[in-house]
>>> print(open('final-v1.cif').read())   # mmCIF, C-alpha atoms
data_run
loop_
_atom_site.label_atom_id
_atom_site.label_comp_id
_atom_site.auth_asym_id
_atom_site.auth_seq_id
_atom_site.Cartn_x
_atom_site.Cartn_y
_atom_site.Cartn_z
CA MET A 409 0.00 0.00 0.00
CA ILE A 410 1.38 3.41 -1.01
CA SER A 411 1.65 5.90 1.82
CA ASP A 412 -0.33 9.14 1.56
CA THR A 413 2.78 11.04 2.75
CA ALA A 414 5.84 11.73 0.61
CA VAL A 415 9.17 12.99 1.90
CA LEU A 416 11.18 14.71 -0.81
CA LEU A 417 14.90 14.79 -0.14
CA PHE A 418 16.42 17.53 -2.31
CA THR A 419 20.05 16.82 -3.20
CA ASP A 420 21.43 18.22 -6.45
CA ASP A 421 18.02 19.16 -7.85
CA LEU A 422 17.50 22.48 -6.05
CA ARG A 423 14.69 23.78 -8.23
CA LEU A 424 10.94 23.72 -8.80
CA ASP A 425 11.07 23.93 -12.60
CA ASP A 426 11.38 20.65 -14.51
CA ASN A 427 11.94 18.56 -11.41
CA PRO A 428 10.68 14.98 -12.03
CA THR A 429 11.34 13.99 -8.41
CA LEU A 430 9.17 16.81 -7.13
CA TYR A 431 6.52 15.94 -9.71
CA ALA A 432 6.39 12.31 -8.49
CA ALA A 433 6.37 13.20 -4.79
CA ALA A 434 3.63 15.80 -5.29
CA LYS A 435 1.16 13.04 -6.27
CA HIS A 436 0.83 12.13 -2.60
CA GLN A 437 -1.68 13.78 -0.28
CA ARG A 438 0.98 15.30 1.96
CA LEU A 439 4.52 16.40 1.16
CA LEU A 440 7.50 17.07 3.42
CA CYS A 441 10.46 18.81 1.73
CA LEU A 442 14.01 18.41 3.10
CA PHE A 443 17.57 19.42 2.45
CA VAL A 444 20.21 17.78 4.64
CA PHE A 445 23.81 18.87 5.11
CA ASP A 446 25.07 15.33 5.50
CA GLU A 447 28.29 13.35 5.70
CA ILE A 448 28.98 13.52 1.95
CA LEU A 449 29.19 17.32 2.03
CA MET A 450 31.18 17.29 5.27
CA ARG A 451 33.79 14.62 4.52
CA ASP A 452 37.50 15.26 4.03
CA GLU A 453 39.18 14.43 0.73
CA GLN A 454 42.96 14.42 0.20
CA GLY A 455 43.55 16.41 3.36
CA PHE A 456 40.98 19.20 2.96
CA GLY A 457 37.22 19.44 3.20
CA ALA A 458 35.20 18.22 0.25
CA THR A 459 33.09 21.40 0.26
CA GLY A 460 35.19 24.56 0.45
CA PRO A 461 33.97 27.98 1.66
CA ILE A 462 33.22 29.43 -1.80
CA ARG A 463 31.32 26.36 -2.95
CA ALA A 464 29.52 26.21 0.43
CA HIS A 465 28.40 29.83 0.07
CA PHE A 466 26.97 29.17 -3.40
CA LEU A 467 25.21 26.04 -2.10
CA TRP A 468 23.75 27.90 0.88
CA GLN A 469 22.40 30.63 -1.40
CA SER A 470 20.83 27.94 -3.59
CA VAL A 471 19.17 26.17 -0.67
CA LYS A 472 17.79 29.43 0.74
CA ASP A 473 16.42 30.40 -2.67
CA LEU A 474 14.70 27.01 -2.91
CA ALA A 475 13.17 27.61 0.51
CA ASN A 476 11.83 30.99 -0.63
CA ASN A 477 10.40 29.55 -3.84
CA LEU A 478 8.67 26.72 -1.97
CA GLN A 479 7.24 29.18 0.53
CA ALA A 480 5.78 31.24 -2.31
CA ILE A 481 3.56 28.27 -3.28
CA GLY A 482 2.59 27.30 0.24
CA GLN A 483 5.27 24.74 1.07
CA ARG A 484 8.22 24.70 3.46
CA LEU A 485 11.78 23.47 3.10
CA HIS A 486 13.19 21.91 6.27
CA ILE A 487 16.95 22.53 6.25
CA LEU A 488 18.74 20.08 8.54
CA GLN A 489 22.19 18.81 9.44
CA GLY A 490 23.11 15.28 10.41
CA ARG A 491 23.79 11.73 9.38
CA MET A 492 21.25 10.87 6.70
CA GLN A 493 20.11 7.60 8.26
CA THR A 494 19.52 9.31 11.60
CA VAL A 495 17.54 12.14 9.99
CA LEU A 496 15.32 9.82 7.97
CA SER A 497 14.76 7.52 10.96
CA ASP A 498 13.56 10.48 13.03
CA ILE A 499 11.20 11.59 10.28
CA GLN A 500 9.79 8.13 9.77
CA ARG A 501 9.27 7.77 13.54
CA GLN A 502 7.25 11.00 13.56
CA LEU A 503 5.27 10.40 10.37
CA GLY A 504 4.77 6.66 10.54
CA SER A 505 4.21 5.37 7.03
CA CYS A 506 5.91 7.51 4.38
CA THR A 507 7.65 7.20 1.03
CA PHE A 508 10.98 8.94 0.46
CA TYR A 509 11.90 10.42 -2.92
CA LEU A 510 15.23 11.66 -4.24
CA GLN A 511 16.87 12.30 -7.57
CA SER A 512 18.90 9.32 -8.80
CA PRO A 513 22.59 10.04 -8.07
CA THR A 514 25.57 9.12 -10.24
CA GLY A 515 28.49 9.63 -7.82
CA CYS A 516 29.88 6.54 -6.07
CA TYR A 517 29.59 7.98 -2.54
CA GLU A 518 26.01 9.03 -3.24
CA ARG A 519 25.02 5.69 -4.75
CA ARG A 520 26.62 3.75 -1.92
CA ARG A 521 24.68 5.80 0.62
CA LEU A 522 21.46 5.34 -1.35
CA GLN A 523 21.87 1.57 -1.35
CA GLN A 524 22.34 1.62 2.42
CA LEU A 525 19.25 3.77 2.89
CA GLN A 526 17.14 1.61 0.58
CA SER A 527 17.75 -1.35 2.88
CA GLN A 528 16.05 0.58 5.70
CA PHE A 529 13.50 2.89 4.08
CA ASP A 530 10.97 2.96 1.24
CA ILE A 531 12.95 5.13 -1.18
CA ARG A 532 12.08 5.91 -4.79
CA GLU A 533 14.88 7.28 -6.95
CA ILE A 534 13.79 9.32 -9.94
CA GLY A 535 15.91 10.33 -12.94
CA GLY A 536 16.31 14.00 -13.74
CA LYS A 537 19.98 14.93 -13.60
CA THR A 538 20.67 14.42 -17.30
CA LEU A 539 19.42 15.79 -20.59
CA LEU A 540 18.54 12.29 -21.79
CA ASN A 541 16.74 9.77 -19.65
CA GLU A 542 18.31 6.35 -19.31
CA ALA A 543 15.36 4.94 -21.29
CA ASP A 544 16.19 7.31 -24.16
CA LEU A 545 19.61 5.78 -24.77
CA PRO A 546 20.08 3.48 -27.78
CA MET A 547 22.08 1.11 -25.57
CA ALA A 548 22.06 -0.10 -21.99
CA VAL A 549 24.17 1.90 -19.53
CA ALA A 550 26.42 -1.15 -19.10
CA ASP A 551 27.13 -1.07 -22.87
CA ILE A 552 28.02 2.63 -23.21
CA PRO A 553 31.15 2.77 -25.38
CA LYS A 554 34.36 4.35 -24.11
CA PRO A 555 34.94 6.88 -26.90
CA PHE A 556 32.52 9.78 -26.51
CA THR A 557 32.26 10.15 -30.29
CA THR A 558 30.85 6.63 -30.64
CA PHE A 559 28.30 7.38 -27.93
CA ARG A 560 27.37 10.74 -29.46
CA LYS A 561 26.83 9.35 -32.96
CA ALA A 562 24.65 6.53 -31.65
CA VAL A 563 22.51 8.95 -29.62
CA GLU A 564 22.22 11.51 -32.42
CA SER A 565 21.09 8.82 -34.85
CA GLN A 566 18.10 8.09 -32.59
CA TRP A 567 17.56 11.47 -30.96
CA PRO A 568 14.54 11.34 -28.61
CA ASP A 569 11.87 13.91 -27.91
CA ILE A 570 12.94 15.96 -24.91
CA HIS A 571 10.37 17.66 -22.71
CA ALA A 572 10.68 19.86 -19.64
CA LEU A 573 8.10 19.82 -16.86
CA SER A 574 6.46 23.09 -15.84
CA LYS A 575 6.99 24.60 -12.42
CA PRO A 576 4.12 23.59 -10.09
CA ALA A 577 1.60 26.29 -9.17
CA HIS A 578 0.85 24.60 -5.85
CA LEU A 579 1.92 21.55 -3.83
CA PRO A 580 0.30 19.27 -1.26
CA PRO A 581 0.29 20.53 2.32
CA THR A 582 3.20 19.70 4.61
CA PRO A 583 2.63 17.33 7.55
CA SER A 584 3.35 18.44 11.09
CA VAL A 585 6.83 17.42 12.29
CA ASP A 586 9.22 18.58 14.98
CA LEU A 587 12.55 19.15 13.24
CA PRO A 588 15.22 21.56 14.55
CA PRO A 589 15.71 24.27 11.89
CA LEU A 590 19.18 25.05 10.63
CA LEU A 591 19.45 28.85 10.55
CA ALA A 592 23.03 29.20 9.30
CA CYS A 593 25.21 27.18 6.95
CA PRO A 594 27.04 24.50 8.98
CA LEU A 595 30.07 24.78 6.68
CA PRO A 596 32.50 27.71 6.63
CA ILE A 597 31.38 30.07 3.87
CA PHE A 598 33.09 32.81 1.90
CA ALA A 599 31.27 35.29 -0.33
CA VAL A 600 33.24 36.13 -3.47
CA LEU A 601 33.70 39.88 -3.84
CA ASP A 602 36.73 39.88 -6.13
CA LYS A 603 36.28 42.62 -8.73
CA ARG A 604 38.29 40.60 -11.25
CA ALA A 605 35.69 37.81 -11.38
CA ALA A 606 34.25 37.18 -14.85
CA LEU A 607 30.77 36.90 -13.38
CA HIS A 608 29.57 37.29 -9.80
CA PHE A 609 27.72 34.01 -9.44
CA GLU A 610 24.80 33.85 -7.04
CA GLY A 611 23.25 30.54 -6.13
CA GLY A 612 19.66 29.51 -6.66
CA GLU A 613 17.03 28.82 -9.27
CA SER A 614 16.00 32.48 -9.45
CA LYS A 615 19.49 33.59 -10.49
CA ALA A 616 19.85 30.60 -12.81
CA SER A 617 16.69 31.62 -14.66
CA LEU A 618 17.97 35.18 -15.04
CA ARG A 619 21.29 33.95 -16.44
CA LEU A 620 19.53 31.64 -18.91
CA THR A 621 17.34 34.46 -20.17
CA ASP A 622 20.19 36.94 -20.34
CA TYR A 623 22.63 34.68 -22.17
CA ILE A 624 20.20 33.32 -24.76
CA TRP A 625 17.66 36.12 -25.27
CA LYS A 626 18.98 39.46 -24.01
CA SER A 627 22.66 39.44 -24.95
CA LYS A 628 22.12 36.72 -27.59
CA ALA A 629 25.61 35.49 -26.71
CA LEU A 630 24.49 32.01 -27.75
CA GLU A 631 25.00 33.19 -31.34
CA HIS A 632 28.80 33.06 -30.94
CA TYR A 633 29.13 30.31 -28.32
CA LYS A 634 31.20 27.92 -30.46
CA GLN A 635 33.61 30.65 -31.53
CA SER A 636 34.06 32.24 -28.09
CA ARG A 637 33.69 29.29 -25.69
CA ASN A 638 37.46 29.02 -25.14
CA GLY A 639 37.70 32.63 -23.98
CA LEU A 640 39.26 33.61 -20.68
CA VAL A 641 38.08 37.12 -19.79
CA GLY A 642 34.50 38.36 -19.59
CA ALA A 643 31.00 37.26 -18.66
CA ASP A 644 29.69 35.98 -21.98
CA TYR A 645 32.51 34.12 -23.74
CA SER A 646 30.73 30.96 -22.52
CA SER A 647 27.31 30.21 -21.06
CA LYS A 648 28.55 29.73 -17.48
CA PHE A 649 25.45 27.66 -16.74
CA SER A 650 27.59 25.00 -15.04
CA PRO A 651 27.36 26.21 -11.39
CA TRP A 652 23.56 26.08 -11.47
CA LEU A 653 23.55 22.81 -13.43
CA ALA A 654 25.87 21.23 -10.87
CA ASN A 655 23.54 21.62 -7.89
CA GLY A 656 20.39 21.34 -9.97
CA SER A 657 19.22 24.94 -9.74
CA LEU A 658 18.94 24.73 -13.53
CA SER A 659 17.63 21.84 -15.63
CA PRO A 660 19.58 20.65 -18.70
CA ARG A 661 16.22 20.01 -20.39
CA ARG A 662 15.15 23.62 -19.80
CA ILE A 663 18.38 24.80 -21.43
CA TYR A 664 17.69 22.49 -24.37
CA GLN A 665 14.14 23.81 -24.75
CA GLN A 666 15.37 27.41 -24.71
CA VAL A 667 18.04 26.67 -27.31
CA LYS A 668 15.43 25.05 -29.55
CA ALA A 669 13.14 28.06 -29.11
CA TYR A 670 16.05 30.32 -30.06
CA GLU A 671 16.60 28.26 -33.23
CA VAL A 672 12.93 28.68 -34.18
CA THR A 673 13.23 32.45 -33.77
CA PHE A 674 16.72 33.16 -35.12
CA GLY A 675 17.76 29.97 -36.91
CA ALA A 676 20.06 27.11 -35.97
CA ASN A 677 23.82 27.47 -36.28
CA GLU A 678 27.05 25.84 -35.11
CA SER A 679 26.74 27.47 -31.71
CA THR A 680 23.26 26.26 -30.93
CA TYR A 681 24.33 22.73 -31.86
CA TRP A 682 27.52 23.04 -29.81
CA LEU A 683 25.78 24.02 -26.60
CA ILE A 684 23.62 20.90 -26.87
CA PHE A 685 26.78 18.95 -27.75
CA GLU A 686 28.31 20.07 -24.42
CA LEU A 687 25.18 18.99 -22.54
CA LEU A 688 25.60 15.59 -24.18
CA TRP A 689 29.23 15.48 -22.98
CA ARG A 690 27.89 16.10 -19.48
CA ASP A 691 25.41 13.24 -19.91
CA TYR A 692 28.19 10.96 -21.10
CA PHE A 693 30.17 11.44 -17.89
CA GLN A 694 27.05 10.85 -15.77
CA PHE A 695 26.22 7.60 -17.54
CA CYS A 696 29.85 6.42 -17.48
CA ALA A 697 29.92 7.03 -13.72
CA LEU A 698 26.81 4.84 -13.42
CA ARG A 699 28.39 2.21 -15.65
CA ASP A 700 31.70 2.01 -13.78
CA GLY A 701 30.67 2.70 -10.18
CA GLY A 702 33.58 3.39 -7.84
CA ASN A 703 36.12 2.50 -10.55
CA PHE A 704 35.18 5.71 -12.38
CA PHE A 705 36.67 7.76 -9.55
CA THR A 706 39.92 5.82 -9.11
CA SER A 707 43.08 5.36 -11.10
CA ALA A 708 43.78 2.41 -13.34
CA THR A 709 47.49 2.84 -12.62
CA PRO A 710 49.17 1.46 -9.50
CA HIS A 711 50.45 4.87 -8.33
CA GLN A 712 48.74 6.13 -5.19
CA PRO A 713 48.75 9.79 -4.11
CA ASN A 714 51.10 10.13 -1.14
CA LEU A 715 50.53 13.14 1.10
CA ASP A 716 53.85 12.42 2.84
CA ASN A 717 55.91 12.56 -0.37
CA PRO A 718 57.78 15.89 -0.05
CA HIS A 719 58.15 16.44 -3.80
CA GLU A 720 54.55 15.68 -4.65
CA ALA A 721 53.16 17.63 -1.69
CA GLU A 722 55.30 20.71 -2.42
CA ALA A 723 54.58 20.67 -6.15
CA PHE A 724 50.86 20.28 -5.51
CA GLU A 725 50.84 23.18 -3.03
CA ARG A 726 52.57 25.53 -5.49
CA TRP A 727 50.04 24.54 -8.12
CA ARG A 728 47.07 24.90 -5.77
CA LEU A 729 48.07 28.43 -4.75
CA GLY A 730 49.03 29.58 -8.25
CA ARG A 731 52.74 29.91 -7.48
CA THR A 732 54.35 27.59 -10.01
CA GLY A 733 56.18 30.30 -11.95
CA GLU A 734 54.22 29.42 -15.12
CA ASP A 735 52.15 32.56 -15.64
CA PHE A 736 49.37 30.94 -17.67
CA VAL A 737 48.89 28.23 -15.04
CA ASP A 738 49.18 30.64 -12.13
CA ALA A 739 46.64 33.09 -13.56
CA ASN A 740 44.07 30.32 -13.92
CA MET A 741 44.77 28.93 -10.45
CA GLN A 742 44.48 32.41 -8.94
CA GLU A 743 41.06 32.81 -10.55
CA LEU A 744 39.97 29.47 -9.07
CA LEU A 745 41.40 30.32 -5.67
CA HIS A 746 39.63 33.67 -5.42
CA THR A 747 36.34 32.99 -7.24
CA GLY A 748 35.64 29.25 -7.28
CA PHE A 749 35.47 29.29 -11.08
CA MET A 750 37.76 28.73 -14.04
CA SER A 751 37.17 28.47 -17.78
CA ASN A 752 37.13 25.08 -19.46
CA ARG A 753 40.26 25.99 -21.40
CA GLY A 754 42.00 26.93 -18.18
CA ARG A 755 40.98 23.67 -16.50
CA GLN A 756 42.48 21.59 -19.30
CA ASN A 757 45.77 23.45 -19.12
CA VAL A 758 46.24 23.44 -15.35
CA ALA A 759 45.28 19.77 -15.19
CA SER A 760 47.74 18.87 -17.91
CA TYR A 761 50.48 20.82 -16.12
CA LEU A 762 49.86 19.14 -12.75
CA ILE A 763 49.76 15.65 -14.26
CA HIS A 764 52.36 15.75 -17.01
CA ASP A 765 54.80 18.50 -15.96
CA LEU A 766 54.72 18.26 -12.16
CA GLY A 767 54.12 14.50 -12.06
CA VAL A 768 51.39 14.73 -9.42
CA ASP A 769 48.61 12.13 -9.29
CA TRP A 770 45.51 13.49 -11.03
CA ARG A 771 43.24 12.56 -8.13
CA ARG A 772 44.86 15.25 -6.00
CA GLY A 773 43.90 17.86 -8.57
CA ALA A 774 40.40 16.44 -8.84
CA ALA A 775 40.00 16.62 -5.05
CA TRP A 776 41.10 20.28 -5.00
CA PHE A 777 38.61 21.10 -7.74
CA GLU A 778 35.92 19.33 -5.71
CA HIS A 779 36.76 21.52 -2.73
CA GLN A 780 36.97 24.78 -4.65
CA LEU A 781 34.70 24.77 -7.71
CA ILE A 782 31.21 26.22 -7.38
CA ASP A 783 30.24 24.01 -10.34
CA TYR A 784 31.64 20.82 -8.85
CA ASP A 785 29.84 17.73 -10.12
CA PRO A 786 31.26 14.29 -9.26
CA ALA A 787 31.00 12.70 -12.71
CA SER A 788 32.02 15.75 -14.75
CA ASN A 789 34.94 16.63 -12.49
CA TYR A 790 36.50 13.20 -12.15
CA GLY A 791 35.63 12.28 -15.72
CA ASN A 792 37.44 15.29 -17.13
CA TRP A 793 40.50 14.75 -14.94
CA ALA A 794 40.78 11.09 -15.91
CA TYR A 795 40.32 12.10 -19.56
CA LEU A 796 43.26 14.53 -19.34
CA ALA A 797 45.37 11.90 -17.62
CA GLY A 798 44.49 9.20 -20.17
CA ASP A 799 43.41 7.11 -17.20
CA GLY A 800 40.05 5.72 -18.17
CA MET A 801 37.82 6.42 -21.15
CA ASP A 802 40.37 8.08 -23.42
CA PRO A 803 41.76 5.58 -25.94
CA ARG A 804 44.48 7.98 -27.12
CA GLY A 805 46.32 8.34 -23.83
CA GLY A 806 46.94 11.45 -21.73
CA ARG A 807 46.74 14.96 -23.13
CA HIS A 808 49.90 16.95 -22.50
CA PHE A 809 49.35 20.58 -23.49
CA ASN A 810 52.12 22.88 -24.68
CA LEU A 811 51.60 25.83 -22.32
CA GLN A 812 53.44 28.34 -24.47
CA LYS A 813 51.36 27.52 -27.53
CA GLN A 814 48.16 27.49 -25.49
CA ALA A 815 48.92 30.92 -24.01
CA GLU A 816 49.83 32.32 -27.44
CA ARG A 817 46.60 31.01 -28.92
CA TYR A 818 44.12 31.85 -26.18
CA ASP A 819 45.80 34.82 -24.47
CA PRO A 820 47.94 36.30 -27.26
CA ALA A 821 48.13 39.81 -25.78
CA GLY A 822 48.59 38.54 -22.23
CA ARG A 823 45.39 40.21 -21.10
CA TYR A 824 44.22 37.30 -18.95
CA VAL A 825 47.59 36.85 -17.23
CA ARG A 826 47.78 40.57 -16.44
CA HIS A 827 44.19 40.51 -15.20
CA TRP A 828 44.90 37.86 -12.57
CA LEU A 829 48.58 38.32 -11.75
CA HIS A 830 49.15 42.06 -12.06
CA ASP A 831 45.88 44.04 -11.88
#
>>> encode(input="final-v1.cif", output="structure tokens")
Amino acid sequence: MISDTAVLLFTDDLRLDDNPTLYAAAKHQRLLCLFVFDEILMRDEQGFGATGPIRAHFLWQSVKDLANNLQAIGQRLHILQGRMQTVLSDIQRQLGSCTFYLQSPTGCYERRRLQQLQSQFDIREIGGKTLLNEADLPMAVADIPKPFTTFRKAVESQWPDIHALSKPAHLPPTPSVDLPPLLACPLPIFAVLDKRAALHFEGGESKASLRLTDYIWKSKALEHYKQSRNGLVGADYSSKFSPWLANGSLSPRRIYQQVKAYEVTFGANESTYWLIFELLWRDYFQFCALRDGGNFFTSATPHQPNLDNPHEAEAFERWRLGRTGEDFVDANMQELLHTGFMSNRGRQNVASYLIHDLGVDWRRGAAWFEHQLIDYDPASNYGNWAYLAGDGMDPRGGRHFNLQKQAERYDPAGRYVRHWLHD
């Protein structure tokens, strides 16, 4: 018998628009909405916290915006801290029969926790993180090919209809529970005020919607996305949707729908295709993480990162703080250090330098990005690092960038380096 009470556990789907998990939970007579600062957000990784102060500030803004948006349609978000099993046990004790809902995760920590919880609670996991649903794929997740190009061609040959759900106008009432409210972020937070930042990111669905409208319809920067996406300075050289995509304040399907609407109005071009292409890359990493489980986040080589190795620790610290002496690397690392963001071009170069020039295990770099990036996503982050290292899905081996040529091509006048190292 299905319970008349649903408990919706928001994780990385911090939005009302196009949220399949919310849509499913809202079919019950009563609905309790939760966000829990749990052990996954609090854990240490490679010697520093998994969620750094800049990322924590962006997450806190996003959670508070979700609370405001739920309140506007008569619901309430309970923001809690604690071990997930303890929190859910307390809720179930108070509510009696209830069904828990959450968005299906792709990260290995998240999936391991879900499996533990499913052994104790009635939990329904709903897809919604990706542009394509698992059922839309022309192959089983277990059969996803290693080269992205093979995957892309197979998907594009059988491209599905993609729909986005509307934001609900109202939701079922919330049941009465006694849960201690969390009034302040339990993680150290730091608000980015650096005037050099390309864009002052603010967390939450409300800001995500404004960015989507501005980039596609107001500035029409989508028109030159393919040509400018490797830029380094400025707000609109790329979409910069990734921070809101990462914690689910923005739906990939909503982006897709807006791009298609733009094509109807102004015509399709290389840039409109390429933005969807990048969303497909994101999907590819999510599905590969599901395919490989914990192996996706580990190295296929025997080398293990050693925090006690003086050379590796010292080289990593210089890289982390942007003090390597390589201006192009240091400028990018300074941007990351002070803003929690870095361009895709920058990420490829600093990763290549850490792996191939400094000889540091790539998982150390991936862990620092997890700590620092406001757009941290488990599958995308670790997938891209492994790709650069040639340690996983890349059949051609590691990618070692020539820093001088990269700087000459993407920062020919030295504007970006001056911006971050001398301004």
>>> residues_around(input="final-v1.cif", residues="A:Ser646", least_positions_apart="4", cutoff="7 Å", atoms="only C-alpha atoms", output="PyMOL selection string")
chain A and resi 633+636-637
>>> closest_residue(input="final-v1.cif", among="A:Arg491, A:Arg463, A:Arg451, A:His830", to="A:Leu744", atoms="only C-alpha atoms")
A:Arg463
>>> residues_near_point(input="final-v1.cif", point="(52.5, 31.8, -7.5)", cutoff="9 Å", atoms="only C-alpha atoms", output="ChimeraX atom specification")
/A:726-735,738-739,741-742,829
>>> closest_residue(input="final-v1.cif", among="A:Pro594, A:Gln479, A:Leu430, A:Tyr790", to="A:Phe445", atoms="all atoms listed in the file")
A:Pro594
>>> closest_residue(input="final-v1.cif", among="A:Glu533, A:Glu686, A:Glu743, A:Asp425", to="A:Leu781", atoms="all atoms listed in the file")
A:Glu743
